[in-house]
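What's in coords23.txt: compact mmCIF, C-alpha atoms
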```txt
# COMPACT_ATOMS: atom_id res chain seq x y z
CA MET N 1 -63.45 -66.13 -51.29
CA THR N 2 -64.54 -68.72 -48.74
CA GLY N 3 -61.92 -71.19 -50.00
CA ARG N 4 -59.16 -68.61 -49.71
CA PHE N 5 -60.21 -67.76 -46.15
CA ARG N 6 -60.25 -71.47 -45.24
CA LEU N 7 -56.76 -71.81 -46.66
CA LEU N 8 -55.50 -68.85 -44.65
CA LEU N 9 -57.17 -70.18 -41.52
CA SER N 10 -55.73 -73.67 -41.98
CA GLU N 11 -52.25 -72.20 -42.54
CA ALA N 12 -52.58 -70.05 -39.42
CA TRP N 13 -53.80 -73.01 -37.35
CA ARG N 14 -50.99 -75.24 -38.64
CA SER N 15 -48.44 -72.57 -37.81
CA LEU N 16 -49.81 -72.15 -34.29
CA GLY N 17 -49.38 -75.87 -33.65
CA ALA N 18 -45.96 -76.05 -35.31
CA ASN N 19 -44.64 -73.10 -33.28
CA LEU N 20 -46.31 -73.94 -30.01
CA SER N 21 -43.73 -72.25 -27.79
CA THR N 22 -43.99 -68.87 -29.52
CA THR N 23 -47.78 -69.24 -29.67
CA ILE N 24 -47.92 -69.73 -25.90
CA ALA N 25 -45.49 -66.84 -25.40
CA ALA N 26 -47.59 -64.49 -27.54
CA THR N 27 -50.79 -65.58 -25.80
CA MET N 28 -49.24 -65.09 -22.35
CA THR N 29 -47.97 -61.68 -23.40
CA VAL N 30 -51.49 -60.65 -24.38
CA LEU N 31 -52.84 -62.23 -21.19
CA ILE N 32 -50.49 -60.25 -18.94
CA GLY N 33 -50.98 -57.00 -20.84
CA MET N 34 -54.78 -57.26 -20.93
CA PHE N 35 -54.97 -58.37 -17.28
CA LEU N 36 -52.92 -55.36 -16.16
CA LEU N 37 -54.91 -53.10 -18.46
CA GLY N 38 -58.18 -54.45 -17.04
CA LEU N 39 -57.00 -53.81 -13.48
CA PHE N 40 -55.85 -50.35 -14.45
CA ILE N 41 -59.13 -49.51 -16.21
CA ALA N 42 -61.12 -50.63 -13.16
CA LEU N 43 -58.95 -48.74 -10.69
CA GLY N 44 -58.53 -45.72 -12.95
CA THR N 45 -62.24 -45.32 -13.74
CA TRP N 46 -63.10 -45.75 -10.04
CA THR N 47 -60.56 -43.06 -9.13
CA VAL N 48 -61.87 -40.69 -11.80
CA SER N 49 -65.42 -41.37 -10.57
CA TRP N 50 -64.28 -40.58 -7.03
CA SER N 51 -62.69 -37.30 -8.15
CA ASN N 52 -65.91 -36.34 -9.96
CA HIS N 53 -67.90 -37.21 -6.84
CA VAL N 54 -65.65 -35.04 -4.68
CA LYS N 55 -65.87 -32.17 -7.16
CA ARG N 56 -69.66 -32.34 -7.00
CA GLU N 57 -69.38 -31.94 -3.23
CA LEU N 58 -67.76 -28.51 -3.58
CA VAL N 59 -70.22 -25.84 -2.43
CA VAL N 60 -70.24 -22.17 -1.54
CA LYS N 61 -71.94 -21.28 1.75
CA VAL N 62 -73.51 -17.88 2.37
CA TYR N 63 -74.06 -17.17 6.08
CA PHE N 64 -76.49 -14.46 7.17
CA VAL N 65 -76.06 -12.16 10.15
CA PRO N 66 -78.36 -12.84 13.12
CA GLY N 67 -81.65 -11.09 12.58
CA ALA N 68 -81.25 -10.72 8.82
CA SER N 69 -84.58 -9.84 7.27
CA ALA N 70 -86.52 -12.11 4.94
CA ALA N 71 -86.19 -9.46 2.23
CA ASP N 72 -82.38 -9.62 2.41
CA LYS N 73 -82.41 -13.42 2.24
CA ASN N 74 -84.80 -13.43 -0.72
CA ALA N 75 -82.64 -10.85 -2.51
CA VAL N 76 -79.56 -13.03 -2.10
CA ALA N 77 -81.48 -16.10 -3.32
CA ARG N 78 -82.72 -14.24 -6.42
CA LYS N 79 -79.23 -12.99 -7.17
CA LEU N 80 -77.86 -16.53 -6.94
CA GLN N 81 -80.59 -17.86 -9.23
CA GLN N 82 -79.48 -15.38 -11.90
CA ASN N 83 -75.76 -16.12 -11.36
CA GLN N 84 -74.12 -17.73 -14.41
CA TYR N 85 -71.76 -19.78 -12.23
CA VAL N 86 -74.52 -21.44 -10.19
CA LYS N 87 -75.68 -24.94 -11.03
CA PRO N 88 -79.44 -24.82 -11.70
CA GLY N 89 -81.52 -26.20 -8.84
CA SER N 90 -78.61 -26.34 -6.41
CA ILE N 91 -79.61 -23.44 -4.15
CA LYS N 92 -80.56 -24.74 -0.71
CA TYR N 93 -81.70 -22.70 2.28
CA ILE N 94 -80.61 -24.01 5.69
CA SER N 95 -82.21 -22.49 8.77
CA LYS N 96 -80.28 -22.23 12.00
CA GLU N 97 -82.43 -25.03 13.47
CA GLN N 98 -81.50 -27.32 10.58
CA ALA N 99 -77.85 -26.32 10.95
CA LEU N 100 -77.95 -27.25 14.63
CA GLN N 101 -79.43 -30.66 13.81
CA ILE N 102 -76.67 -31.26 11.26
CA MET N 103 -74.05 -30.32 13.84
CA ARG N 104 -75.56 -32.74 16.35
CA LYS N 105 -75.19 -35.55 13.84
CA ARG N 106 -71.68 -34.67 12.70
CA ALA N 107 -70.09 -33.44 15.94
CA PRO N 108 -72.41 -34.07 18.91
CA GLU N 109 -69.65 -33.30 21.41
CA LEU N 110 -69.48 -29.68 20.21
CA VAL N 111 -73.17 -28.90 20.82
CA LYS N 112 -73.88 -31.16 23.78
CA ASN N 113 -73.92 -28.45 26.47
CA LEU N 114 -75.32 -25.55 24.45
CA THR N 115 -78.10 -23.54 26.09
CA SER N 116 -78.96 -21.63 22.91
CA ASN N 117 -78.45 -21.91 19.17
CA PRO N 118 -75.36 -19.87 18.14
CA LEU N 119 -75.70 -20.76 14.45
CA GLY N 120 -77.25 -18.55 11.81
CA ASP N 121 -79.29 -19.09 8.70
CA ALA N 122 -77.38 -19.94 5.54
CA ILE N 123 -77.69 -20.74 1.86
CA THR N 124 -75.57 -23.39 0.18
CA VAL N 125 -75.05 -23.32 -3.57
CA THR N 126 -73.15 -25.62 -5.94
CA PRO N 127 -71.07 -24.16 -8.80
CA ARG N 128 -71.99 -25.15 -12.35
CA ARG N 129 -68.50 -26.64 -12.68
CA ALA N 130 -66.10 -27.38 -9.85
CA GLU N 131 -63.58 -25.07 -11.51
CA ASP N 132 -66.10 -22.19 -11.17
CA VAL N 133 -65.98 -22.17 -7.37
CA ASP N 134 -63.65 -19.14 -7.22
CA SER N 135 -65.65 -17.22 -9.82
CA LEU N 136 -68.85 -17.94 -7.93
CA TYR N 137 -67.35 -16.75 -4.67
CA ASN N 138 -66.04 -13.53 -6.25
CA SER N 139 -69.38 -12.81 -7.93
CA ILE N 140 -71.06 -12.89 -4.51
CA VAL N 141 -68.61 -10.82 -2.41
CA ARG N 142 -67.51 -8.27 -5.01
CA PRO N 143 -67.65 -5.35 -5.05
CA SER N 144 -69.21 -5.86 -1.60
CA LYS N 145 -71.21 -8.45 0.27
CA PRO N 146 -74.99 -8.20 -0.15
CA PRO N 147 -76.99 -6.70 2.74
CA GLY N 148 -77.63 -9.18 5.54
CA VAL N 149 -74.71 -11.45 4.63
CA ASP N 150 -72.20 -12.14 7.40
CA ARG N 151 -69.59 -14.16 5.51
CA VAL N 152 -69.17 -16.37 2.46
CA LEU N 153 -67.12 -19.55 2.59
CA ASP N 154 -65.96 -21.66 -0.31
CA GLY N 155 -63.24 -23.72 1.34
CA LYS N 156 -60.57 -22.32 -0.99
CA ARG N 157 -57.69 -24.39 0.32
CA THR N 158 -59.67 -27.64 0.30
CA SER N 159 -61.34 -27.01 -3.05
CA HIS N 160 -58.09 -26.11 -4.77
CA ARG N 161 -56.39 -29.21 -3.39
CA ILE N 162 -59.29 -31.40 -4.54
CA LEU N 163 -59.23 -29.92 -8.03
CA GLN N 164 -55.46 -30.36 -8.30
CA VAL N 165 -55.68 -33.99 -7.22
CA ALA N 166 -58.59 -34.64 -9.60
CA HIS N 167 -56.75 -33.13 -12.57
CA VAL N 168 -53.59 -35.09 -11.76
CA ILE N 169 -55.58 -38.32 -11.51
CA GLU N 170 -57.25 -37.75 -14.88
CA ALA N 171 -53.91 -36.90 -16.56
CA VAL N 172 -52.08 -39.87 -15.05
CA PHE N 173 -54.89 -42.25 -16.04
CA THR N 174 -54.80 -41.07 -19.67
CA ILE N 175 -50.99 -41.12 -19.98
CA ALA N 176 -50.61 -44.50 -18.27
CA THR N 177 -53.26 -46.09 -20.50
CA VAL N 178 -51.47 -44.89 -23.64
CA ILE N 179 -48.10 -46.12 -22.32
CA LEU N 180 -49.53 -49.53 -21.40
CA LEU N 181 -51.09 -49.95 -24.86
CA ILE N 182 -47.82 -49.02 -26.60
CA ALA N 183 -45.87 -51.40 -24.35
CA SER N 184 -48.34 -54.20 -25.13
CA VAL N 185 -47.98 -53.66 -28.88
CA LEU N 186 -44.18 -53.74 -28.60
CA LEU N 187 -44.16 -56.88 -26.46
CA ILE N 188 -46.57 -58.70 -28.75
CA SER N 189 -44.62 -57.57 -31.83
CA ASN N 190 -41.33 -58.86 -30.39
CA THR N 191 -42.90 -62.18 -29.43
CA ILE N 192 -44.48 -62.70 -32.85
CA ARG N 193 -41.24 -61.60 -34.50
CA LEU N 194 -39.57 -64.72 -33.10
CA SER N 195 -42.13 -66.91 -34.83
CA ILE N 196 -41.82 -65.05 -38.10
CA PHE N 197 -38.01 -65.00 -37.97
CA SER N 198 -37.93 -68.80 -37.65
CA ARG N 199 -40.00 -69.02 -40.84
CA ARG N 200 -38.25 -66.32 -42.87
CA ARG N 201 -37.01 -68.86 -45.44
CA GLU N 202 -40.57 -70.05 -46.00
CA ILE N 203 -41.69 -66.43 -46.53
CA GLU N 204 -38.87 -65.82 -49.01
CA VAL N 205 -39.81 -68.92 -51.03
CA MET N 206 -43.50 -67.90 -51.08
CA LYS N 207 -42.54 -64.44 -52.36
CA LEU N 208 -40.22 -65.88 -55.01
CA VAL N 209 -42.96 -68.11 -56.43
CA GLY N 210 -45.29 -65.12 -56.77
CA ALA N 211 -47.34 -65.04 -53.56
CA THR N 212 -48.86 -61.62 -52.88
CA ASN N 213 -48.05 -59.67 -49.72
CA TRP N 214 -51.58 -60.13 -48.39
CA PHE N 215 -51.46 -63.90 -49.02
CA VAL N 216 -48.26 -64.08 -46.96
CA ARG N 217 -49.45 -61.62 -44.34
CA GLY N 218 -52.89 -63.21 -43.88
CA PRO N 219 -51.94 -66.32 -41.85
CA PHE N 220 -49.69 -64.31 -39.54
CA MET N 221 -52.39 -61.74 -38.86
CA LEU N 222 -54.86 -64.56 -38.16
CA GLU N 223 -52.30 -66.02 -35.76
CA GLY N 224 -52.11 -62.66 -34.04
CA LEU N 225 -55.90 -62.45 -33.85
CA ILE N 226 -56.17 -65.95 -32.37
CA CYS N 227 -53.42 -65.27 -29.81
CA GLY N 228 -54.98 -61.90 -28.98
CA LEU N 229 -58.43 -63.45 -28.55
CA ALA N 230 -57.15 -66.31 -26.39
CA GLY N 231 -55.01 -64.05 -24.23
CA SER N 232 -57.75 -61.47 -23.69
CA LEU N 233 -60.36 -64.14 -22.85
CA LEU N 234 -57.98 -65.66 -20.29
CA ALA N 235 -57.38 -62.19 -18.87
CA VAL N 236 -61.14 -61.66 -18.53
CA LEU N 237 -61.42 -65.05 -16.80
CA LEU N 238 -58.70 -64.10 -14.30
CA LEU N 239 -60.40 -60.76 -13.67
CA VAL N 240 -63.70 -62.55 -13.04
CA ILE N 241 -62.00 -64.80 -10.49
CA GLY N 242 -60.21 -61.87 -8.89
CA LYS N 243 -63.43 -59.84 -8.81
CA ALA N 244 -65.28 -62.68 -7.07
CA LEU N 245 -62.53 -63.25 -4.51
CA ALA N 246 -61.18 -59.77 -3.77
CA LEU N 247 -64.04 -57.35 -4.35
CA PRO N 248 -66.24 -58.40 -1.39
CA ALA N 249 -63.30 -57.89 0.99
CA ILE N 250 -62.56 -54.34 -0.20
CA ASP N 251 -66.05 -53.25 -1.25
CA HIS N 252 -66.75 -51.41 1.99
CA GLY N 253 -63.51 -49.48 1.76
CA LEU N 254 -64.14 -48.39 -1.83
CA ALA N 255 -67.83 -47.55 -1.56
CA GLY N 256 -68.72 -43.95 -2.28
CA ASP N 257 -70.62 -41.82 0.21
CA GLY N 258 -73.61 -41.48 -2.08
CA GLY N 259 -73.15 -44.76 -3.91
CA ASP N 260 -72.23 -42.92 -7.11
CA VAL N 261 -68.50 -43.74 -6.99
CA LYS N 262 -68.16 -46.77 -9.25
CA ALA N 263 -65.72 -48.27 -11.70
CA LEU N 264 -66.61 -48.90 -15.32
CA ALA N 265 -69.11 -51.76 -15.65
CA PHE N 266 -67.34 -55.12 -15.86
CA PRO N 267 -69.12 -56.27 -19.09
CA VAL N 268 -67.89 -53.08 -20.77
CA VAL N 269 -64.36 -53.67 -19.48
CA SER N 270 -64.49 -57.25 -20.79
CA LEU N 271 -65.57 -56.13 -24.25
CA LEU N 272 -62.84 -53.49 -24.29
CA LEU N 273 -60.20 -56.05 -23.33
CA VAL N 274 -61.33 -58.54 -25.98
CA GLY N 275 -61.42 -55.83 -28.63
CA MET N 276 -58.00 -54.50 -27.62
CA GLY N 277 -56.56 -58.02 -27.52
CA LEU N 278 -57.75 -58.68 -31.07
CA ALA N 279 -56.47 -55.31 -32.28
CA LEU N 280 -53.09 -55.68 -30.58
CA GLY N 281 -52.63 -59.18 -31.98
CA ALA N 282 -53.46 -58.09 -35.52
CA ILE N 283 -51.43 -54.86 -35.34
CA GLY N 284 -48.45 -56.59 -33.79
CA SER N 285 -48.45 -59.26 -36.50
CA GLY N 286 -49.02 -56.78 -39.30
CA LEU N 287 -46.23 -54.44 -38.22
CA THR N 288 -43.78 -57.29 -37.71
CA ILE N 289 -44.41 -59.17 -40.98
CA HIS N 290 -43.99 -55.96 -43.00
CA ARG N 291 -40.18 -55.99 -42.81
CA PHE N 292 -39.98 -59.64 -43.88
CA LEU N 293 -41.97 -59.02 -47.05
CA ARG N 294 -39.10 -57.11 -48.64
CA VAL N 295 -37.47 -59.87 -50.65
```
Represent the supplied structure as structure tokens.
Amino acid sequence: MTGRFRLLLSEAWRSLGANLSTTIAATMTVLIGMFLLGLFIALGTWTVSWSNHVKRELVVKVYFVPGASAADKNAVARKLQQNQYVKPGSIKYISKEQALQIMRKRAPELVKNLTSNPLGDAITVTPRRAEDVDSLYNSIVRPSKPPGVDRVLDGKRTSHRILQVAHVIEAVFTIATVILLIASVLLISNTIRLSIFSRRREIEVMKLVGATNWFVRGPFMLEGLICGLAGSLLAVLLLVIGKALALPAIDHGLAGDGGDVKALAFPVVSLLLVGMGLALGAIGSGLTIHRFLRV
């Protein structure tokens, strides 16, 4: 078994050196594909993380009328605690004094000359899922608003726009990843096909003397694995250089408000790229050599 593997490996290595131009072309094809895929994974996962962060920011605000009793406020809080659309532990009471302090931080020019506090007490609550924001709003105001409640706001227009954008981002990321993987397989297959086509006579002779399909296929698949490994490692190296040079300059612009907006960890991306490079090299070689085995 070990001897056979050494033979296959020596044949693959000899072929790589004898067909240096196609070897470089296949490696560069993997390099470009994996580099673009790495960039896309980083950008795509950051964007999906951002959309999840924004969805977590969606809240429903219940404003009380001035002078609402403590009993009315407690009744609303208990009702929200029992609401199936409310995320557990997300109910937060904001007094009018706290609301005024928040306004002073966010828009000091609007409250600079106020002689009294015009704001009222409120409760903010986060839906269990961002898509439940409408259901949560309806469960509060229908059939009628609870006693002591002035108005309920859920930012319908903003929340719907955020959800639409988030869903589009997730769909585009998934579709584009699949397309890029298919394109990489096709490019690698076409590049390796040139190498195999130049050696079709050798394959025919091996088949005529009784070589099995796997004995013929083995060296080519090893070639694909070696090209895939080399190309993916070079792609990781370029991403490391790009990360070191470009990320500090754009880090402030991409930082999330709460620090929870992040791309997929770079070591994980590197492992994914190496694994995909190996798989694409092997699959591309295996699919291409199949048609040449029919002698």
Which residues are close to Arg78 (chain N), i.e. within 12 Å by all atoms listed in the file, leaving aside same-chain residues fewer than 5 positions away? Reply as a PDB file with C-alpha atoms, in the coordinates of the input.
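New file result08.pdb:
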```
ATOM      1  CA  ALA N  71     -86.190  -9.460   2.230  1.00  0.00           C
ATOM      2  CA  ASP N  72     -82.380  -9.620   2.410  1.00  0.00           C
ATOM      3  CA  LYS N  73     -82.410 -13.420   2.240  1.00  0.00           C
ATOM      4  CA  ASN N  83     -75.760 -16.120 -11.360  1.00  0.00           C
ATOM      5  CA  VAL N  86     -74.520 -21.440 -10.190  1.00  0.00           C
ATOM      6  CA  ILE N  91     -79.610 -23.440  -4.150  1.00  0.00           C
ATOM      7  CA  ILE N 123     -77.690 -20.740   1.860  1.00  0.00           C
ATOM      8  CA  ILE N 140     -71.060 -12.890  -4.510  1.00  0.00           C
ATOM      9  CA  PRO N 146     -74.990  -8.200  -0.150  1.00  0.00           C
TER      10      PRO N 146
END
```
**Asked** What is the distance between CA of Ile32 (chain N) and CA of Val274 (chain N), in Å to one decimal?
**Response**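 That distance, rounded to one decimal, is 13.0 Å.
Interatomic distance, CA of Ala26 (chain N) against CA of Phe220 (chain N): 12.2 Å.
Considering the residues N:Gly228, N:Met206, N:Lys96, N:Pro219 and counting only C-alpha atoms, Ala68 (chain N) has its shortest atom-to-atom contact with N:Lys96.
Contact shell of His167 (chain N) at 12 Å (only C-alpha atoms; same-chain neighbours under 6 positions omitted): Thr47, Val48, Trp50, Ser51, Asn52, Lys55, Ala130, Glu131, His160, Arg161, Phe173 and Thr174 of chain N.
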**Item:** Contacts of Ala282 (chain N) at 9 Å (all atoms listed in the file; same-chain gap of 2+ positions) as a list in words
**Value:**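 Non-adjacent residues within range: Phe220, Met221, Leu222, Glu223, Gly224, Leu225, Ile226, Gly228, Gly277, Leu278, Ala279, Leu280, Gly284, Ser285, Gly286 and Leu287 of chain N.
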**Prompt:** Mind pulling up the distance from CA of Val209 (chain N) to CA of Ser10 (chain N)?
**Reply:** 20.1 Å
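Closest approach to Arg128 (chain N) among N:Val141, N:Leu36, N:Leu238, N:Leu58 is made by N:Leu58 (distances from all atoms listed in the file).
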**Request:** Counting all atoms listed in the file, write as an NGL selection string all protein and nucleic acid residues lying at most 8 Å from (-76.4, -26.1, -5.8) in the file's frame.
**Result:** :N and (59 or 86-92 or 124-128)
Surrounding residues of region 60-66 of chain N excluding itself and chain neighbours under 5 positions, 8 Å, only C-alpha atoms, as an mmCIF file with C-alpha atoms, in the coordinates of the input:
```
data_model
loop_
_atom_site.group_PDB
_atom_site.id
_atom_site.type_symbol
_atom_site.label_atom_id
_atom_site.label_comp_id
_atom_site.auth_asym_id
_atom_site.auth_seq_id
_atom_site.Cartn_x
_atom_site.Cartn_y
_atom_site.Cartn_z
ATOM 1 C CA LYS N 73 -82.410 -13.420 2.240
ATOM 2 C CA GLY N 120 -77.250 -18.550 11.810
ATOM 3 C CA ASP N 121 -79.290 -19.090 8.700
ATOM 4 C CA ALA N 122 -77.380 -19.940 5.540
ATOM 5 C CA ILE N 123 -77.690 -20.740 1.860
ATOM 6 C CA THR N 124 -75.570 -23.390 0.180
ATOM 7 C CA VAL N 125 -75.050 -23.320 -3.570
ATOM 8 C CA THR N 126 -73.150 -25.620 -5.940
ATOM 9 C CA PRO N 127 -71.070 -24.160 -8.800
ATOM 10 C CA VAL N 133 -65.980 -22.170 -7.370
ATOM 11 C CA LEU N 136 -68.850 -17.940 -7.930
ATOM 12 C CA TYR N 137 -67.350 -16.750 -4.670
ATOM 13 C CA GLY N 148 -77.630 -9.180 5.540
ATOM 14 C CA VAL N 149 -74.710 -11.450 4.630
ATOM 15 C CA ASP N 150 -72.200 -12.140 7.400
ATOM 16 C CA ARG N 151 -69.590 -14.160 5.510
ATOM 17 C CA VAL N 152 -69.170 -16.370 2.460
ATOM 18 C CA LEU N 153 -67.120 -19.550 2.590
ATOM 19 C CA ASP N 154 -65.960 -21.660 -0.310
ATOM 20 C CA GLY N 155 -63.240 -23.720 1.340
#
```
**Request:** Can you work out which one of N:Ala244, N:Ala176, N:Leu229, N:Leu194 has the shortest atom-to-atom distance to Thr22 (chain N), counting all atoms listed in the file?
**Result:** N:Leu194
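Closest approach to Asn190 (chain N) from the set N:Leu31, N:Ile41, N:Ile283, N:Ala75 is made by N:Ile283, with distances taken over all atoms listed in the file.
Of the residues listed (N:Ala265, N:Asn74, N:Met276, N:Val236), N:Val236 shows the shortest atom-to-atom separation from Phe35 (chain N); distances use only C-alpha atoms.
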**Message:** Env of Leu180 (chain N): 10 Å cut, atoms = all atoms listed in the file, seq-sep filter 4 positions within chain, self excluded. Answer as a list of chain:residue names.
**Reply:**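 Everything that qualifies: N:Gly33, N:Met34, N:Leu36, N:Leu37, N:Phe40, N:Ile175, N:Ala176, N:Ser184, N:Val185, N:Leu186.
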